[in-house]
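> Got a structure for you, coords_29.tsv, holding TSV, C-alpha atoms.
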chain	number	residue	atom	x	y	z
A	16	MET	CA	-3.11	-3.19	-8.34
A	17	SER	CA	0.52	-2.82	-9.33
A	18	HIS	CA	2.26	0.07	-10.98
A	19	ASP	CA	4.68	-1.21	-13.63
A	20	SER	CA	6.40	1.82	-15.06
A	21	THR	CA	8.84	2.06	-17.91
A	22	ALA	CA	12.30	2.41	-16.46
A	23	ALA	CA	14.34	5.46	-17.34
A	24	PRO	CA	16.67	4.95	-20.35
A	25	GLU	CA	19.81	5.05	-18.22
A	26	ALA	CA	18.31	2.52	-15.78
A	27	ALA	CA	17.20	0.24	-18.58
A	28	ALA	CA	20.64	0.40	-20.19
A	29	ARG	CA	22.55	-0.28	-16.96
A	30	LYS	CA	24.01	-3.76	-17.00
A	31	LEU	CA	24.85	-6.02	-14.12
A	32	SER	CA	28.55	-5.89	-13.27
A	33	GLY	CA	30.60	-9.01	-13.88
A	34	ARG	CA	30.86	-10.01	-10.23
A	35	ARG	CA	27.08	-10.01	-9.69
A	36	ARG	CA	24.73	-12.85	-10.58
A	37	ARG	CA	21.05	-12.57	-11.47
A	38	GLU	CA	20.12	-15.67	-9.49
A	39	ILE	CA	21.63	-14.31	-6.25
A	40	VAL	CA	19.24	-12.44	-3.93
A	41	ALA	CA	20.61	-10.61	-0.90
A	42	VAL	CA	18.16	-9.82	1.91
A	43	LEU	CA	19.34	-6.94	4.10
A	44	LEU	CA	18.19	-7.24	7.72
A	45	PHE	CA	18.37	-4.70	10.54
A	46	SER	CA	17.81	-4.98	14.26
A	47	GLY	CA	14.27	-4.05	15.30
A	48	GLY	CA	12.70	-5.11	12.02
A	49	PRO	CA	9.33	-6.95	12.09
A	50	ILE	CA	9.79	-10.67	11.63
A	51	PHE	CA	6.85	-11.18	9.22
A	52	GLU	CA	8.17	-8.79	6.56
A	53	SER	CA	11.69	-10.15	7.08
A	54	SER	CA	10.54	-13.72	6.54
A	55	ILE	CA	8.75	-13.04	3.22
A	56	PRO	CA	11.82	-12.82	0.92
A	57	LEU	CA	13.54	-15.55	2.93
A	58	SER	CA	10.65	-17.90	2.16
A	59	VAL	CA	10.17	-16.86	-1.47
A	60	PHE	CA	13.83	-16.85	-2.51
A	61	GLY	CA	15.45	-19.13	0.07
A	62	ILE	CA	13.52	-22.41	-0.25
A	63	ASP	CA	14.20	-24.90	-3.02
A	64	ARG	CA	10.86	-25.57	-4.75
A	65	GLN	CA	12.18	-26.87	-8.06
A	66	ASP	CA	10.01	-29.94	-7.63
A	67	ALA	CA	6.99	-27.63	-8.04
A	68	GLY	CA	8.37	-25.91	-11.12
A	69	VAL	CA	9.76	-22.86	-9.31
A	70	PRO	CA	13.26	-21.85	-10.48
A	71	ARG	CA	15.82	-21.73	-7.71
A	72	TYR	CA	17.43	-18.55	-6.39
A	73	ARG	CA	20.53	-18.38	-4.21
A	74	LEU	CA	19.81	-16.47	-1.00
A	75	LEU	CA	22.33	-14.41	0.96
A	76	VAL	CA	20.95	-13.19	4.29
A	77	SER	CA	22.96	-10.11	5.20
A	78	ALA	CA	23.17	-7.98	8.35
A	79	GLY	CA	22.95	-4.25	7.74
A	80	GLU	CA	24.59	-3.55	11.10
A	81	GLU	CA	26.37	-5.29	13.95
A	82	GLY	CA	24.46	-8.24	15.39
A	83	PRO	CA	22.83	-10.05	16.94
A	84	LEU	CA	19.72	-8.59	15.33
A	85	ARG	CA	16.69	-8.35	17.58
A	86	THR	CA	13.27	-8.67	15.99
A	87	THR	CA	9.59	-9.01	16.91
A	88	GLY	CA	8.96	-10.67	20.26
A	89	GLY	CA	12.54	-10.29	21.43
A	90	LEU	CA	13.93	-12.94	19.08
A	91	GLU	CA	17.61	-12.66	18.20
A	92	LEU	CA	18.92	-13.43	14.72
A	93	THR	CA	22.44	-13.93	13.49
A	94	ALA	CA	22.84	-13.30	9.77
A	95	PRO	CA	25.45	-15.48	8.03
A	96	HIS	CA	26.67	-12.59	5.87
A	97	GLY	CA	27.52	-8.93	6.20
A	98	LEU	CA	27.27	-6.00	3.80
A	99	ASP	CA	30.03	-7.48	1.63
A	100	ALA	CA	27.51	-10.07	0.36
A	101	LEU	CA	25.61	-7.32	-1.43
A	102	SER	CA	28.49	-7.06	-3.90
A	103	ARG	CA	27.49	-10.43	-5.44
A	104	ALA	CA	23.72	-9.98	-5.63
A	105	GLY	CA	21.64	-9.21	-8.70
A	106	THR	CA	18.68	-8.34	-6.43
A	107	VAL	CA	18.87	-6.70	-3.01
A	108	VAL	CA	15.76	-6.75	-0.80
A	109	VAL	CA	15.24	-4.50	2.24
A	110	PRO	CA	12.22	-6.11	4.00
A	111	ALA	CA	11.49	-3.36	6.51
A	112	TRP	CA	13.09	-0.64	8.58
A	113	ARG	CA	12.71	-0.47	12.34
A	114	SER	CA	11.66	3.17	12.64
A	115	ILE	CA	10.43	5.73	10.11
A	116	THR	CA	11.88	8.47	12.30
A	117	SER	CA	15.49	7.28	12.57
A	118	PRO	CA	18.14	7.28	9.81
A	119	PRO	CA	19.53	3.95	8.55
A	120	PRO	CA	23.26	3.20	9.00
A	121	GLU	CA	25.35	5.07	6.45
A	122	GLU	CA	27.40	1.96	5.65
A	123	ALA	CA	24.25	0.13	4.57
A	124	LEU	CA	23.13	3.08	2.45
A	125	ASP	CA	26.52	3.17	0.72
A	126	ALA	CA	26.28	-0.56	-0.02
A	127	LEU	CA	22.81	-0.09	-1.55
A	128	ARG	CA	24.03	2.80	-3.72
A	129	ARG	CA	26.97	0.72	-4.98
A	130	ALA	CA	24.71	-2.23	-5.73
A	131	HIS	CA	22.35	-0.02	-7.71
A	132	GLU	CA	25.19	1.65	-9.62
A	133	GLU	CA	26.45	-1.81	-10.59
A	134	GLY	CA	23.08	-2.82	-12.02
A	135	ALA	CA	21.45	-4.67	-9.13
A	136	ARG	CA	17.69	-4.53	-8.72
A	137	ILE	CA	16.82	-2.87	-5.38
A	138	VAL	CA	13.60	-3.79	-3.58
A	139	GLY	CA	11.99	-2.17	-0.53
A	140	LEU	CA	9.13	-3.93	1.25
A	141	CYS	CA	6.82	-1.81	3.42
A	142	THR	CA	8.97	0.60	5.47
A	143	GLY	CA	12.01	-0.63	3.58
A	144	ALA	CA	11.07	2.19	1.18
A	145	PHE	CA	12.41	4.63	3.81
A	146	VAL	CA	15.83	3.01	3.53
A	147	LEU	CA	15.77	3.26	-0.27
A	148	ALA	CA	14.67	6.89	-0.01
A	149	ALA	CA	17.45	7.67	2.49
A	150	ALA	CA	19.93	6.24	0.00
A	151	GLY	CA	18.57	8.57	-2.69
A	152	LEU	CA	17.39	5.67	-4.84
A	153	LEU	CA	13.77	6.88	-4.99
A	154	ASP	CA	14.50	10.47	-6.03
A	155	GLY	CA	12.25	11.42	-8.95
A	156	ARG	CA	10.68	7.97	-8.99
A	157	PRO	CA	7.21	6.58	-8.22
A	158	ALA	CA	7.09	4.53	-5.03
A	159	THR	CA	4.73	3.21	-2.40
A	160	THR	CA	4.77	2.02	1.20
A	161	HIS	CA	2.18	1.12	3.83
A	162	TRP	CA	-0.66	3.64	3.51
A	163	MET	CA	-0.22	4.64	7.15
A	164	TYR	CA	3.38	5.77	6.52
A	165	ALA	CA	2.91	7.20	3.02
A	166	PRO	CA	2.30	10.79	4.23
A	167	THR	CA	5.52	10.69	6.26
A	168	LEU	CA	7.50	9.33	3.31
A	169	ALA	CA	6.08	12.02	1.02
A	170	LYS	CA	6.80	14.80	3.51
A	171	ARG	CA	10.31	13.68	4.42
A	172	TYR	CA	11.38	12.96	0.82
A	173	PRO	CA	9.46	15.44	-1.38
A	174	SER	CA	11.32	14.36	-4.53
A	175	VAL	CA	9.74	10.88	-4.27
A	176	HIS	CA	6.40	10.43	-6.07
A	177	VAL	CA	4.58	8.52	-3.33
A	178	ASP	CA	1.40	6.72	-4.35
A	179	PRO	CA	-0.35	5.28	-1.27
A	180	ARG	CA	-2.96	3.52	-3.42
A	181	GLU	CA	-0.69	0.86	-4.92
A	182	LEU	CA	0.10	-2.59	-3.56
A	183	PHE	CA	3.51	-2.33	-5.20
A	184	VAL	CA	5.36	-0.16	-7.70
A	185	ASP	CA	7.85	-1.53	-10.25
A	186	ASP	CA	10.05	1.22	-11.64
A	187	GLY	CA	12.44	-1.06	-13.47
A	188	ASP	CA	15.53	-1.37	-11.28
A	189	VAL	CA	13.90	-0.05	-8.08
A	190	LEU	CA	10.73	-1.61	-6.66
A	191	THR	CA	8.66	-0.88	-3.54
A	192	SER	CA	5.62	-2.44	-1.90
A	193	ALA	CA	2.91	-1.61	0.61
A	194	GLY	CA	2.78	-3.28	4.01
A	195	THR	CA	2.99	-6.89	5.11
A	196	ALA	CA	1.11	-9.12	2.62
A	197	ALA	CA	1.86	-6.72	-0.25
A	198	GLY	CA	5.47	-7.84	0.14
A	199	ILE	CA	4.34	-11.27	-1.02
A	200	ASP	CA	2.65	-9.66	-4.04
A	201	LEU	CA	5.87	-7.90	-5.00
A	202	CYS	CA	8.06	-10.99	-4.52
A	203	LEU	CA	5.67	-12.99	-6.73
A	204	HIS	CA	5.87	-10.19	-9.29
A	205	ILE	CA	9.67	-10.47	-9.27
A	206	VAL	CA	9.48	-14.23	-9.87
A	207	ARG	CA	6.94	-13.57	-12.65
A	208	SER	CA	9.23	-10.98	-14.25
A	209	ASP	CA	12.23	-13.32	-14.06
A	210	HIS	CA	10.63	-16.63	-15.02
A	211	GLY	CA	7.10	-16.05	-16.31
A	212	ASN	CA	3.51	-16.59	-15.19
A	213	GLU	CA	3.77	-20.35	-14.84
A	214	ALA	CA	6.61	-20.18	-12.31
A	215	ALA	CA	4.89	-17.42	-10.33
A	216	GLY	CA	1.63	-19.37	-10.35
A	217	ALA	CA	3.36	-22.51	-9.11
A	218	LEU	CA	4.96	-20.56	-6.28
A	219	ALA	CA	1.64	-18.90	-5.38
A	220	ARG	CA	-0.02	-22.30	-5.11
A	221	ARG	CA	2.72	-23.51	-2.77
A	222	LEU	CA	2.30	-20.39	-0.63
A	223	VAL	CA	-1.53	-20.69	-0.84
A	224	VAL	CA	-1.93	-17.07	-1.95
A	225	PRO	CA	-3.43	-15.45	-5.06
A	226	PRO	CA	-0.98	-15.23	-7.98
A	227	ARG	CA	-2.17	-11.64	-8.48
A	228	ARG	CA	-4.41	-9.48	-6.32
A	229	SER	CA	-6.65	-6.90	-7.93
A	230	GLY	CA	-7.23	-3.46	-6.48
A	231	GLY	CA	-4.90	-1.40	-4.34
A	232	GLN	CA	-4.59	-0.15	-0.76
A	233	GLU	CA	-7.73	2.02	-0.86
A	234	ARG	CA	-9.89	-0.76	0.58
A	235	TYR	CA	-7.72	-0.90	3.70
A	236	LEU	CA	-7.43	2.84	4.39
A	237	ASP	CA	-8.33	4.18	7.81
A	238	ARG	CA	-10.12	7.52	7.74
A	239	SER	CA	-8.12	8.89	10.71
A	240	LEU	CA	-5.82	11.83	10.05
A	241	PRO	CA	-2.15	11.29	9.12
A	242	GLU	CA	0.08	11.19	12.18
A	243	GLU	CA	1.98	14.37	11.32
A	244	ILE	CA	-0.93	16.59	10.29
A	245	GLY	CA	-2.23	17.35	13.79
A	246	ALA	CA	-0.34	20.63	14.30
A	247	ASP	CA	-0.63	21.83	10.72
A	248	PRO	CA	-3.15	24.56	9.78
A	249	LEU	CA	-4.66	22.21	7.20
A	250	ALA	CA	-5.73	19.83	9.99
A	251	GLU	CA	-8.82	21.94	10.66
A	252	VAL	CA	-9.81	21.86	6.98
A	253	VAL	CA	-9.33	18.09	6.78
A	254	SER	CA	-11.37	17.60	9.96
A	255	TRP	CA	-14.15	19.79	8.54
A	256	ALA	CA	-14.19	17.72	5.35
A	257	LEU	CA	-14.53	14.49	7.32
A	258	GLU	CA	-17.37	16.00	9.37
A	259	HIS	CA	-19.27	17.14	6.25
A	260	LEU	CA	-18.87	14.23	3.82
A	261	HIS	CA	-22.67	14.08	3.62
A	262	GLU	CA	-22.64	17.49	1.91
A	263	GLN	CA	-21.71	18.23	-1.69
A	264	PHE	CA	-18.52	20.28	-1.82
A	265	ASP	CA	-15.37	20.20	-3.92
A	266	VAL	CA	-11.65	20.87	-3.53
A	267	GLU	CA	-12.17	24.57	-4.30
A	268	THR	CA	-14.34	24.73	-1.18
A	269	LEU	CA	-11.55	23.23	0.92
A	270	ALA	CA	-8.97	25.58	-0.58
A	271	ALA	CA	-11.20	28.56	0.25
A	272	ARG	CA	-11.56	27.38	3.86
A	273	ALA	CA	-7.76	27.19	4.07
A	274	TYR	CA	-7.47	30.71	2.57
A	275	MET	CA	-5.27	29.36	-0.21
A	276	SER	CA	-5.34	29.27	-3.97
A	277	ARG	CA	-6.26	25.91	-5.46
A	278	ARG	CA	-2.69	25.41	-6.69
A	279	THR	CA	-1.13	26.20	-3.29
A	280	PHE	CA	-3.69	24.05	-1.51
A	281	ASP	CA	-3.02	21.09	-3.81
A	282	ARG	CA	0.71	21.35	-3.17
A	283	ARG	CA	0.39	21.68	0.62
A	284	PHE	CA	-2.19	18.90	0.85
A	285	ARG	CA	-0.07	16.47	-1.17
A	286	SER	CA	2.99	17.22	0.95
A	287	LEU	CA	1.05	16.37	4.11
A	288	THR	CA	-0.97	13.36	3.03
A	289	GLY	CA	0.89	11.94	0.04
A	290	SER	CA	-2.30	12.18	-2.04
A	291	ALA	CA	-3.95	14.71	-4.31
A	292	PRO	CA	-6.87	16.38	-2.49
A	293	LEU	CA	-9.47	15.29	-5.07
A	294	GLN	CA	-8.39	11.66	-4.86
A	295	TRP	CA	-8.35	11.84	-1.05
A	296	LEU	CA	-11.86	13.33	-0.98
A	297	ILE	CA	-13.24	10.66	-3.31
A	298	THR	CA	-11.59	7.94	-1.23
A	299	GLN	CA	-13.13	9.32	1.98
A	300	ARG	CA	-16.58	9.42	0.37
A	301	VAL	CA	-16.20	5.82	-0.79
A	302	LEU	CA	-15.08	4.77	2.72
A	303	GLN	CA	-18.16	6.47	4.16
A	304	ALA	CA	-20.35	4.66	1.64
A	305	GLN	CA	-18.64	1.40	2.55
A	306	ARG	CA	-19.52	1.87	6.22
A	307	LEU	CA	-23.12	2.86	5.52
A	308	LEU	CA	-23.57	-0.22	3.34
A	309	GLU	CA	-22.24	-2.33	6.22
A	310	THR	CA	-24.17	-0.73	9.06
A	311	SER	CA	-27.47	0.56	7.65
A	312	ASP	CA	-30.40	-0.41	5.45
A	313	TYR	CA	-30.26	2.71	3.28
A	314	SER	CA	-30.70	2.07	-0.43
A	315	VAL	CA	-27.72	2.61	-2.71
A	316	ASP	CA	-29.32	5.86	-3.91
A	317	GLU	CA	-29.68	7.06	-0.32
A	318	VAL	CA	-26.11	6.07	0.49
A	319	ALA	CA	-24.88	8.10	-2.48
A	320	GLY	CA	-26.68	11.20	-1.20
A	321	ARG	CA	-25.45	10.75	2.37
A	322	CYS	CA	-21.84	10.50	1.15
A	323	GLY	CA	-21.87	13.65	-0.95
A	324	PHE	CA	-21.98	12.02	-4.38
A	325	ARG	CA	-23.96	13.96	-6.95
A	326	SER	CA	-25.64	10.80	-8.21
A	327	PRO	CA	-25.81	7.03	-7.57
A	328	VAL	CA	-23.98	6.56	-10.88
A	329	ALA	CA	-21.00	8.50	-9.52
A	330	LEU	CA	-20.99	6.39	-6.36
A	331	ARG	CA	-21.11	3.13	-8.32
A	332	GLY	CA	-18.24	4.17	-10.61
A	333	HIS	CA	-15.89	5.27	-7.83
A	334	PHE	CA	-16.88	2.36	-5.57
A	335	ARG	CA	-16.10	-0.23	-8.24
A	336	ARG	CA	-12.78	1.42	-9.14
A	337	GLN	CA	-11.62	1.46	-5.52
A	338	LEU	CA	-13.10	-1.75	-4.13
A	339	GLY	CA	-13.59	-3.91	-7.22
A	340	SER	CA	-17.30	-4.45	-6.60
A	341	SER	CA	-20.63	-2.72	-7.00
A	342	PRO	CA	-22.18	-1.25	-3.80
A	343	ALA	CA	-25.03	-3.78	-3.88
A	344	ALA	CA	-22.67	-6.74	-4.30
A	345	TYR	CA	-20.44	-5.37	-1.54
A	346	ARG	CA	-23.36	-5.19	0.90
A	347	ALA	CA	-24.54	-8.70	0.00
A	348	ALA	CA	-21.08	-10.18	0.45
A	349	TYR	CA	-20.54	-8.33	3.73
A	350	ARG	CA	-23.82	-9.56	5.19
A	351	ALA	CA	-23.16	-13.10	4.03
A	352	ARG	CA	-19.84	-13.08	5.88
A	353	ARG	CA	-21.05	-11.26	9.00
A	354	PRO	CA	-24.36	-12.42	10.57
A	355	GLN	CA	-26.77	-9.65	11.51
A	356	GLN	CA	-26.55	-10.39	15.23
A	357	GLU	CA	-22.78	-9.84	15.19
A	358	LYS	CA	-22.99	-6.28	13.85
A	359	PRO	CA	-22.10	-3.55	16.32
A	360	LEU	CA	-25.54	-2.31	17.40
A	361	GLU	CA	-24.34	1.07	18.60
A	362	VAL	CA	-22.89	1.84	15.16
A	363	VAL	CA	-26.05	0.66	13.40
A	364	ALA	CA	-28.21	2.82	15.62
A	365	ALA	CA	-26.00	5.86	15.22
A	366	VAL	CA	-25.74	5.65	11.46
A	367	GLY	CA	-29.48	5.13	11.21
A	368	THR	CA	-30.18	8.62	12.56
A	369	GLU	CA	-30.62	11.68	10.41
A	370	THR	CA	-27.62	13.45	11.95
A	371	PRO	CA	-24.22	12.16	10.74
A	372	LEU	CA	-21.87	10.81	13.36
A	373	PRO	CA	-19.23	13.24	14.59
A	374	SER	CA	-15.86	12.56	13.01
A	375	GLN	CA	-14.20	11.41	16.23
A	376	SER	CA	-17.04	8.97	16.98
A	377	ARG	CA	-16.87	7.52	13.50
A	378	ARG	CA	-13.15	6.98	13.78
A	379	SER	CA	-13.26	5.30	17.18
A	380	ALA	CA	-16.17	3.07	16.17
A	381	THR	CA	-14.81	1.98	12.83
A	382	ALA	CA	-11.03	2.38	12.67
A	383	GLY	CA	-9.49	-0.83	11.43
A	384	ALA	CA	-12.71	-2.84	11.77
A	385	PHE	CA	-13.60	-3.27	8.13
A	386	ALA	CA	-10.37	-4.21	6.36
A	387	ALA	CA	-11.15	-7.93	6.11
A	388	PRO	CA	-14.64	-7.62	4.60
A	389	ALA	CA	-13.42	-5.06	2.09
A	390	ALA	CA	-10.52	-7.24	1.11
A	391	SER	CA	-12.85	-10.09	0.24
A	392	LEU	CA	-14.54	-8.27	-2.62
A	393	ALA	CA	-12.00	-8.36	-5.40
A	394	THR	CA	-14.13	-10.92	-7.22
A	395	GLU	CA	-17.16	-10.19	-9.37
A	396	PRO	CA	-20.67	-10.62	-7.98
A	397	GLY	CA	-21.74	-14.24	-7.92
A	398	LYS	CA	-18.21	-15.60	-7.99
A	399	PRO	CA	-16.82	-17.26	-4.86
A	400	GLY	CA	-13.82	-15.59	-3.27
A	401	SER	CA	-11.82	-18.82	-3.59
A	402	ASP	CA	-11.61	-18.24	-7.34
A	403	ALA	CA	-8.74	-15.88	-6.62
A	404	TYR	CA	-6.59	-18.90	-5.73
A	405	ALA	CA	-7.40	-20.98	-8.78
A	406	PRO	CA	-4.67	-21.53	-11.38
A	407	GLY	CA	-5.12	-19.78	-14.70
A	408	ARG	CA	-6.80	-16.69	-13.26
A	409	ALA	CA	-7.04	-13.86	-15.77
A	410	SER	CA	-4.26	-11.30	-15.53
A	411	LEU	CA	-4.73	-7.70	-14.48
A	412	PRO	CA	-5.16	-4.83	-16.92
A	413	GLY	CA	-2.01	-3.49	-18.53
A	414	PRO	CA	0.62	-1.42	-16.71
A	415	ARG	CA	0.23	2.26	-16.12
A	416	SER	CA	2.77	4.84	-17.13
A	417	ALA	CA	5.05	6.46	-14.59
A	418	PRO	CA	4.23	10.02	-13.57
Would it be possible to restate this file's structure as structure tokens?

Amino acid sequence: MSHDSTAAPEAAARKLSGRRRREIVAVLLFSGGPIFESSIPLSVFGIDRQDAGVPRYRLLVSAGEEGPLRTTGGLELTAPHGLDALSRAGTVVVPAWRSITSPPPEEALDALRRAHEEGARIVGLCTGAFVLAAAGLLDGRPATTHWMYAPTLAKRYPSVHVDPRELFVDDGDVLTSAGTAAGIDLCLHIVRSDHGNEAAGALARRLVVPPRRSGGQERYLDRSLPEEIGADPLAEVVSWALEHLHEQFDVETLAARAYMSRRTFDRRFRSLTGSAPLQWLITQRVLQAQRLLETSDYSVDEVAGRCGFRSPVALRGHFRRQLGSSPAAYRAAYRARRPQQEKPLEVVAAVGTETPLPSQSRRSATAGAFAAPAASLATEPGKPGSDAYAPGRASLPGPRSAP
């Protein structure tokens, strides 16, 4: 799901300076950046596909620092342009940043600020959001990044409204996306915004990807703790919650265990995880239900009870909102894609017992193992997954308002 917010009045009124051109896209590369994310805007905006009905952009590949630029696998790249090329671009894309713990070069940040002040659209793919945040371009704005790095982005830049659930966020003149493939979603969205659905659909068919993906990042979330929470006092409360998902408790219970007021707990929790505690708790319960549906024969009603939902109706509502499918349809699709004999027997046996798995065991047995099956369920029951690639697919619901 995307977040298309209404740009602030001053952003909406800002016009492109005379020396910039809308059709020019500058891609800002740094040494150490992953090659997949870097290649996405190069492919979308740098290849002439006018024969397929895709309007042409002019691409300027720019180095954000002295080269040669080293990327994944030890490859070396030489960009044909430097930071001066950003002065001509109507769109500037930062595909990724090499490290969420190190500051970007100040010269590159200055170039991004100037481009934004002169009306250019600034785009950050995946960890590229950290570069935009370092430049101050995300202050007071909604943004997203890869769910794994969202807590760090929220903690390091508290003025940024980080939403780890979104595939991408469009805030008018500043746009950000989640990791890897979500960069394709955002680039298609840019083409759609510039040239309409038909052009974006034609490009999607050439790339052999869905023109729009439903849902957000929830289906891909790992239930392990955020990297930076380990030494924080709230870590014990979060661990307790993960251990007791089979029980019915609410955020007030967690706040009491942390010896905090609900308001203080909400603020501290959001600063650490990038998510409101209620939303986080619901997401964890849905993830637990997802795993039980994959690894056990419990009925949907039993799964609801073992995941702390007050009723099967509550489970079905939250499950459909997060994964785009009913629990029963999810289980059927999962089993159709994964033969019974290929299921991990130790996980099936463990989940089949009356005692819930310890948190650490659940994480080691399941971390990262269920992203692909979950991702396959954006379609309605009974519809083949390949429908997502068919031209003329219905559009998503309307945009949401910015916070």
> Identify which of the residues A:Arg71, A:His333, A:Arg282, A:Arg128 lies closest to Gly151 (chain A), counting only C-alpha atoms when measuring atom-to-atom distances.
A:Arg128
> Rounded to one decimal place, report the CA of Ser276 (chain A)-CA of Arg300 (chain A) distance in Å.
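Rounded to one decimal, the two atoms are 23.2 Å apart.
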> Just the residues within 8 Å of Pro83 (chain A), please, counting all atoms listed in the file, with nothing from its chain fewer than 2 positions along; format it as a PyMOL selection string.
chain A and resi 46+81+85+91-94
> For the atom pair CA of Arg283 (chain A) and CA of Pro166 (chain A), what is the interatomic distance in Å to one decimal place?
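CA of Arg283 (chain A) sits 11.6 Å away from CA of Pro166 (chain A).
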> Of the candidates A:Thr160, A:Pro49, A:Gly79, A:Ser32, which shows the shortest atom-to-atom distance to Glu121 (chain A), using only C-alpha atoms?
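Comparing A:Thr160, A:Pro49, A:Gly79, A:Ser32 against Glu121 (chain A), the winner is A:Gly79.
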> Neighbours of region 38-44 of chain A within 7 Å (only C-alpha atoms; same-chain residues fewer than 4 positions away dropped), as a ChimeraX atom specification?
/A:72-79,101,104-109
> Counting all atoms listed in the file, which of A:Ala135, A:Ala214, A:Ala148, A:Leu296 gets nearest to Lys30 (chain A)?
A:Ala135
> Given the point (-22.8, 14.7, -4.0) in the file's coordinates, find the residues that have an atom at most 10 Å from it, counting all atoms listed in the file, and give them as a PyMOL selection string.
chain A and resi 260-265+300+319-327+329-330
> Quick one, how far is CA of Leu90 (chain A) from CA of Pro110 (chain A)?
16.6 Å
> Hey, which of A:Ile199, A:Leu84, A:Arg35, A:Phe145 ends up closest to Glu132 (chain A)? Count all atoms listed in the file.
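Closest residue, counting all atoms listed in the file: A:Arg35.
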> Just the residues within 12 Å of Arg272 (chain A), please, counting all atoms listed in the file, with nothing from its chain fewer than 5 positions along; format it as an mmCIF file with C-alpha atoms, in the coordinates of the input.

data_model
loop_
_atom_site.group_PDB
_atom_site.id
_atom_site.type_symbol
_atom_site.label_atom_id
_atom_site.label_comp_id
_atom_site.auth_asym_id
_atom_site.auth_seq_id
_atom_site.Cartn_x
_atom_site.Cartn_y
_atom_site.Cartn_z
ATOM 1 C CA PRO A 248 -3.150 24.560 9.780
ATOM 2 C CA LEU A 249 -4.660 22.210 7.200
ATOM 3 C CA ALA A 250 -5.730 19.830 9.990
ATOM 4 C CA GLU A 251 -8.820 21.940 10.660
ATOM 5 C CA VAL A 252 -9.810 21.860 6.980
ATOM 6 C CA VAL A 253 -9.330 18.090 6.780
ATOM 7 C CA SER A 254 -11.370 17.600 9.960
ATOM 8 C CA TRP A 255 -14.150 19.790 8.540
ATOM 9 C CA ALA A 256 -14.190 17.720 5.350
ATOM 10 C CA PHE A 264 -18.520 20.280 -1.820
ATOM 11 C CA ASP A 265 -15.370 20.200 -3.920
ATOM 12 C CA VAL A 266 -11.650 20.870 -3.530
ATOM 13 C CA GLU A 267 -12.170 24.570 -4.300
ATOM 14 C CA ARG A 277 -6.260 25.910 -5.460
ATOM 15 C CA PHE A 280 -3.690 24.050 -1.510
#
> Taking into account all atoms listed in the file, which residue in the set A:Leu124, A:Ala344, A:Leu218, A:Ala291 is nearest to Ser58 (chain A)?
A:Leu218
> With all atoms listed in the file as the counted atoms, please give the residues lying no more than 9 Å from Ser102 (chain A), apart from itself and same-chain residues fewer than 2 positions off, as a list in words.
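After dropping sequence-adjacent residues, the list is Arg34, Arg35, Leu98, Asp99, Ala100, Ala104, Gly105, Ala126, Arg129, Ala130 and Glu133 of chain A.
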> Can you work out which one of A:Val177, A:Ile115, A:Leu287, A:Leu308 has the shortest atom-to-atom distance to Ala149 (chain A), counting all atoms listed in the file?
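Under the stated criterion, the closest residue is A:Ile115.
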> Could the centre and edge lengths of an axis-aligned box, enclosing all atoms of region 48-57 of chain A in the file with 8 Å extra on each side, be given in Å to one decimal as lines of an AutoDock Vina configuration file?

center_x = 10.2
center_y = -10.3
center_z = 6.5
size_x = 22.7
size_y = 26.4
size_z = 27.2
> As a ChimeraX atom specification, please: the residues near Glu80 (chain A) (cut-off 8 Å, all atoms listed in the file, same-chain neighbours under 6 positions excluded).
/A:45-46,97,120,123
> My structure is short of atoms at region 253-259 of chain A; please model N, CA, C and O atoms there, returning them as a PDB file, in the frame of the given file.

ATOM      1  N   VAL A 253      -9.127  19.527   6.976  1.00  0.00           N
ATOM      2  CA  VAL A 253      -9.330  18.090   6.780  1.00  0.00           C
ATOM      3  C   VAL A 253     -10.396  17.573   7.740  1.00  0.00           C
ATOM      4  O   VAL A 253     -11.264  16.779   7.361  1.00  0.00           O
ATOM      5  N   SER A 254     -10.349  18.018   8.992  1.00  0.00           N
ATOM      6  CA  SER A 254     -11.370  17.600   9.960  1.00  0.00           C
ATOM      7  C   SER A 254     -12.757  18.060   9.525  1.00  0.00           C
ATOM      8  O   SER A 254     -13.734  17.309   9.637  1.00  0.00           O
ATOM      9  N   TRP A 255     -12.852  19.287   9.017  1.00  0.00           N
ATOM     10  CA  TRP A 255     -14.150  19.790   8.540  1.00  0.00           C
ATOM     11  C   TRP A 255     -14.660  18.920   7.396  1.00  0.00           C
ATOM     12  O   TRP A 255     -15.849  18.579   7.346  1.00  0.00           O
ATOM     13  N   ALA A 256     -13.777  18.555   6.479  1.00  0.00           N
ATOM     14  CA  ALA A 256     -14.190  17.720   5.350  1.00  0.00           C
ATOM     15  C   ALA A 256     -14.735  16.383   5.829  1.00  0.00           C
ATOM     16  O   ALA A 256     -15.763  15.901   5.336  1.00  0.00           O
ATOM     17  N   LEU A 257     -14.072  15.773   6.802  1.00  0.00           N
ATOM     18  CA  LEU A 257     -14.530  14.490   7.320  1.00  0.00           C
ATOM     19  C   LEU A 257     -15.873  14.620   8.034  1.00  0.00           C
ATOM     20  O   LEU A 257     -16.694  13.701   8.000  1.00  0.00           O
ATOM     21  N   GLU A 258     -16.099  15.769   8.672  1.00  0.00           N
ATOM     22  CA  GLU A 258     -17.370  16.000   9.370  1.00  0.00           C
ATOM     23  C   GLU A 258     -18.529  16.242   8.398  1.00  0.00           C
ATOM     24  O   GLU A 258     -19.691  16.034   8.737  1.00  0.00           O
ATOM     25  N   HIS A 259     -18.227  16.694   7.175  1.00  0.00           N
ATOM     26  CA  HIS A 259     -19.270  17.140   6.250  1.00  0.00           C
ATOM     27  C   HIS A 259     -19.302  16.326   4.949  1.00  0.00           C
ATOM     28  O   HIS A 259     -19.720  16.825   3.906  1.00  0.00           O
TER      29      HIS A 259
END
